[in-house]
Amino acid sequence: MNTATKLGSYVLGLAVVFGGALGAGKAVGPVAAPAVEDHSAMTAPTASAGHGEHATQQATNDTPGGLQVSENGYTLNPLTETIKPGEPTDVRFTVTGPDGRPVTDYQVEHDKKLHFIVVSRDLESFQHVHPDMTPDGTWSVKLTLPKAGPYRAFADFAPTGGDGLTLGTDLSVAGDYKPEALPQESRTATVDGYTVTLDGELTPGQASKLTLKVSKDGKPVTDLQPYLGAYGHLVALRARDLAYLHVHPDGEPGDGKTKAGPEIVFYAEVPSTGDYRLFLDFQHEGEVRTADFTLGAGRQPAIPTPAPSGHGH
Ligand SMILES: [Cu+2]
């Protein structure tokens, strides 16, 4: 398969995601066809950055993180083959660089050299952990994956002197798999006696302000504790392909204006219409907890469905 065809498939794949999300696959079809042709034109060796195919260029440059196991010469290599459900397992991996050797020099981001996120493919189970690295560049972390089935693991890091990137790999837990349906859209989450509410809308292609408000026993929590340099960490994943999305906290502890709750503000940029799962880690009274939400992006206006034949007015 040549490059142009592959990129064409990628564009088509996005169209399928849109169509699936809106239940209007047929309406999307004709739109996707010319996009494939445009892409072929762009990938010709003579194509320049100033070609003017704005939408095509965006599709290439703004590919979300976490969808690839290898990117910009860096590759995520899982070293743990067998994982059993419900049993603590030492999950090990390396990140190799353009020279083929394990990377050992990382920039510290949010207090850590590498953030490791593991979710079940049905987006029910979520863990955000920080593995330890041996001097030879092997990372390891003790994880208990709660149930059988496919998982996705993300390594979010920035090699020293390089750009930040997120690589993703599948992990499998052997056994009888019972996938859960995606949880219904919800703007309220409860965890261990805490209630977290979510305000704001996700707009595809734009930094969207999300305000999360934490309360306990009906009272706003105003003494959140800094965790990894922020009052909260938000991970957003796109349903179906588990694209890993950038979310930036607004302000940090000690900057003179960011309060320790009850509100935590983020700017999330999602690439497309569809459903997203959001996972907020926050720390209070010495413990880190995770609140989770399902939120749709860009549902209005929906793609019009063609009038079925024989039912016209
Ligand atoms: Cu982390």
# chains A, B, ... in the order shown; residues from 1 in each chain; ligands from 1
$ closest_atom_pairs --of "chain A" --to "ligand 1" --cutoff "9 Å" --atoms "only C-alpha atoms and all ligand atoms" --output "tab-separated table"
residue	atom	partner	partner_atom_place_in_ligand_line	distance
A:Glu109	CA	ligand 1	1 (Cu)	8.5
A:His110	CA	ligand 1	1 (Cu)	7.0
A:Asp111	CA	ligand 1	1 (Cu)	8.2
A:Lys112	CA	ligand 1	1 (Cu)	6.7
A:Lys113	CA	ligand 1	1 (Cu)	8.7
A:Leu114	CA	ligand 1	1 (Cu)	6.9
A:His115	CA	ligand 1	1 (Cu)	4.0
A:Phe116	CA	ligand 1	1 (Cu)	6.4
A:Ile117	CA	ligand 1	1 (Cu)	7.6
A:His128	CA	ligand 1	1 (Cu)	5.9
A:Val129	CA	ligand 1	1 (Cu)	5.9
A:His130	CA	ligand 1	1 (Cu)	5.9
A:Asp156	CA	ligand 1	1 (Cu)	8.0
A:Leu228	CA	ligand 1	1 (Cu)	7.3
A:His233	CA	ligand 1	1 (Cu)	7.9
$ residues_around --residues "stretch 92-108 of chain A" --least-positions-apart "6" --cutoff "12 Å" --atoms "only C-alpha atoms" --output "MDAnalysis selection string"
chainID A and resid 69:83 114:116 130:143 153:169 171 228:229
$ closest_residue --among "A:Leu182, A:Val196, A:Ile264, A:Leu224" --to "A:Thr211" --atoms "only C-alpha atoms"
A:Ile264
$ atom_distance --atom1 "atom CA of A:Val221" --atom2 "atom CA of A:Pro262"
4.8 Å
